[in-house]
Amino acid sequence: MPLAGIILDWLLYSAVWIATCAVALSIESALILQTSFPSWHLLLFAWTSTFCHYNLHYFSREKHVALSGRDRWIGSHRPWFLPAILISGSISLFCLLHFSWMELAAVAVMTAISMLYSLPLLPHGFRLKQLGVFKPFILAAVWTIMTVWLPAHQADPLLLTLVIARRFVFMLILCLAFDLRDQHKDSVQGIRTIPVRWGASFTYRLIDMQLILFVVFAVLVEWQLHRWLMLLALLVSALLTKIAIRFTAQRTSERYYLGVIDGMMMVQALLVGLASLAQR
């Protein structure tokens, strides 16, 4: 495999990329809500906890579902995973020493949901991911707490509520796209997700409706603050996200989903960052 492919696999399959996207969204929230720049321990927590959770999730998967390129990559790098999980988890715990009691409570809720989602800790080995229809809503909620409430909960309550709603909708869109990717696998495993229950066409229409809702929330916030460049950045982000998800009808590779669909988080954060710089 070419060196570029090896590096790309490490970035995508080791969760380095998605952890970096979590940091970018956290910074974006501070810019949008005009709060102080997130502290180093909060950004480090966002990175290490995301990295730890995603690696733990895939490390603990049942052997019989190891069919994807990511699962094969994990299988060939398995000795690396346990030290990476332990080190990143330890760093996350260290960061918590700098959190307030209210922030610790939010982290406790996120951690409980994440663990119950990925690990068979409930009776009969049940995981929250098996809830199917509710799976994308659970993930979107955790990502929203992590990337909006934690870095910017001191913001104006009304604006914070609107941005939380907008981020939830945006993350729900990306989660639904991944449910489309996993439609066949989820059907085989008996996980009744939205695409499994009502089909891909319905799910694409639902995503389009959520994109419209995202735009509505963007207008509500940015029009009120007269931030036209910020509004333009968010509208461009919505358009690029729609285009990227539409391409999933032809592109089903795991690299595309992990790099491009997850990458819409980074695209939005970069666009907002550029708009913020231009407005100064």
# chains A, B, ... in the order shown; residues from 1 in each chain; ligands from 1

call {"tool": "residues_around", "arguments": {"residues": "A:Met110", "least_positions_apart": "6", "cutoff": "12 Å", "atoms": "only C-alpha atoms", "output": "list in words"}}
result
Ala46, Ser49, Thr50, His53, Glu103, Leu104, Leu116, Tyr117, Ile138, Leu139, Ala140, Ala141, Val142, Trp143, Thr144, Ile145, Met146, Thr147, Trp149 and Leu150 of chain A

call {"tool": "residues_around", "arguments": {"residues": "A:Val221", "least_positions_apart": "6", "cutoff": "12 Å", "atoms": "only C-alpha atoms", "output": "short mmCIF file (atom, residue, chain, number, x, y, z; two decimals) with C-alpha atoms, in the first residue's frame"}}
result
data_model
loop_
_atom_site.label_atom_id
_atom_site.label_comp_id
_atom_site.auth_asym_id
_atom_site.auth_seq_id
_atom_site.Cartn_x
_atom_site.Cartn_y
_atom_site.Cartn_z
CA ILE A 32 -20.36 31.12 17.54
CA LEU A 33 -21.44 31.89 21.11
CA ASP A 156 -26.38 33.62 26.81
CA LEU A 158 -31.27 31.70 24.63
CA LEU A 159 -28.40 31.64 22.13
CA LEU A 160 -26.96 28.57 23.82
CA THR A 161 -30.28 26.75 23.46
CA LEU A 162 -30.52 27.61 19.75
CA VAL A 163 -26.93 26.55 19.05
CA ILE A 164 -27.44 23.32 21.02
CA ALA A 165 -30.51 22.59 18.88
CA ARG A 166 -28.59 23.40 15.69
CA PHE A 214 -30.33 23.41 10.50
CA VAL A 215 -30.60 26.40 8.16
CA ARG A 227 -23.36 38.23 11.47
CA TRP A 228 -23.82 37.78 7.75
CA MET A 230 -21.11 33.62 9.86
CA LEU A 231 -24.51 32.88 8.36
CA LEU A 234 -23.11 27.89 7.98
#

call {"tool": "select_by_dssp", "arguments": {"residues": "stretch 3-205 of chain A", "states": "alpha helix (DSSP H)", "output": "MDAnalysis selection string"}}
result
chainID A and resid 3:13 16:33 40:59 69:76 78:95 101:118 135:144 150:152 157:181 183:189 194:205

call {"tool": "atom_distance", "arguments": {"atom1": "atom CA of A:Trp101", "atom2": "atom CA of A:Asn55"}}
result
27.2 Å

call {"tool": "closest_residue", "arguments": {"among": "A:Leu12, A:Leu31, A:Ala19, A:Leu3", "to": "A:Ser276", "atoms": "only C-alpha atoms"}}
result
A:Leu31

call {"tool": "residues_around", "arguments": {"residues": "A:Lys129", "least_positions_apart": "4", "cutoff": "12 Å", "atoms": "only C-alpha atoms", "output": "mmCIF file with C-alpha atoms, in the first residue's frame"}}
result
data_model
loop_
_atom_site.group_PDB
_atom_site.id
_atom_site.type_symbol
_atom_site.label_atom_id
_atom_site.label_comp_id
_atom_site.auth_asym_id
_atom_site.auth_seq_id
_atom_site.Cartn_x
_atom_site.Cartn_y
_atom_site.Cartn_z
ATOM 1 C CA HIS A 57 -16.096 0.720 20.851
ATOM 2 C CA ARG A 61 -16.884 -5.435 18.851
ATOM 3 C CA ILE A 113 -24.509 6.788 27.814
ATOM 4 C CA SER A 114 -21.354 6.093 25.796
ATOM 5 C CA MET A 115 -20.439 3.006 27.820
ATOM 6 C CA LEU A 116 -23.976 1.615 27.657
ATOM 7 C CA TYR A 117 -23.981 2.305 23.915
ATOM 8 C CA SER A 118 -20.744 0.462 23.142
ATOM 9 C CA LEU A 119 -20.421 -2.232 25.799
ATOM 10 C CA PRO A 120 -22.804 -5.085 26.773
ATOM 11 C CA LEU A 121 -23.324 -3.780 30.312
ATOM 12 C CA LEU A 122 -27.116 -4.033 30.442
ATOM 13 C CA GLY A 125 -25.715 -8.156 27.027
ATOM 14 C CA VAL A 133 -34.389 4.116 15.599
ATOM 15 C CA PHE A 134 -33.085 5.936 18.672
ATOM 16 C CA LYS A 135 -29.395 5.205 17.959
ATOM 17 C CA PRO A 136 -28.628 8.398 15.958
ATOM 18 C CA PHE A 137 -30.485 10.545 18.499
ATOM 19 C CA ILE A 138 -28.387 9.119 21.351
ATOM 20 C CA LEU A 139 -25.133 9.781 19.503
ATOM 21 C CA CYS A 175 -25.451 9.884 12.230
ATOM 22 C CA ASP A 179 -27.080 4.448 9.434
ATOM 23 C CA ASP A 186 -27.923 -3.618 10.892
ATOM 24 C CA GLN A 189 -28.056 -8.127 13.144
ATOM 25 C CA GLY A 190 -31.703 -7.269 13.802
ATOM 26 C CA ILE A 191 -31.029 -3.607 14.636
ATOM 27 C CA ARG A 192 -34.096 -1.764 13.346
ATOM 28 C CA THR A 193 -32.637 1.603 12.404
#

call {"tool": "closest_residue", "arguments": {"among": "A:Pro151, A:Pro2, A:Gly259, A:Gly132", "to": "A:Trp198", "atoms": "only C-alpha atoms"}}
result
A:Gly132
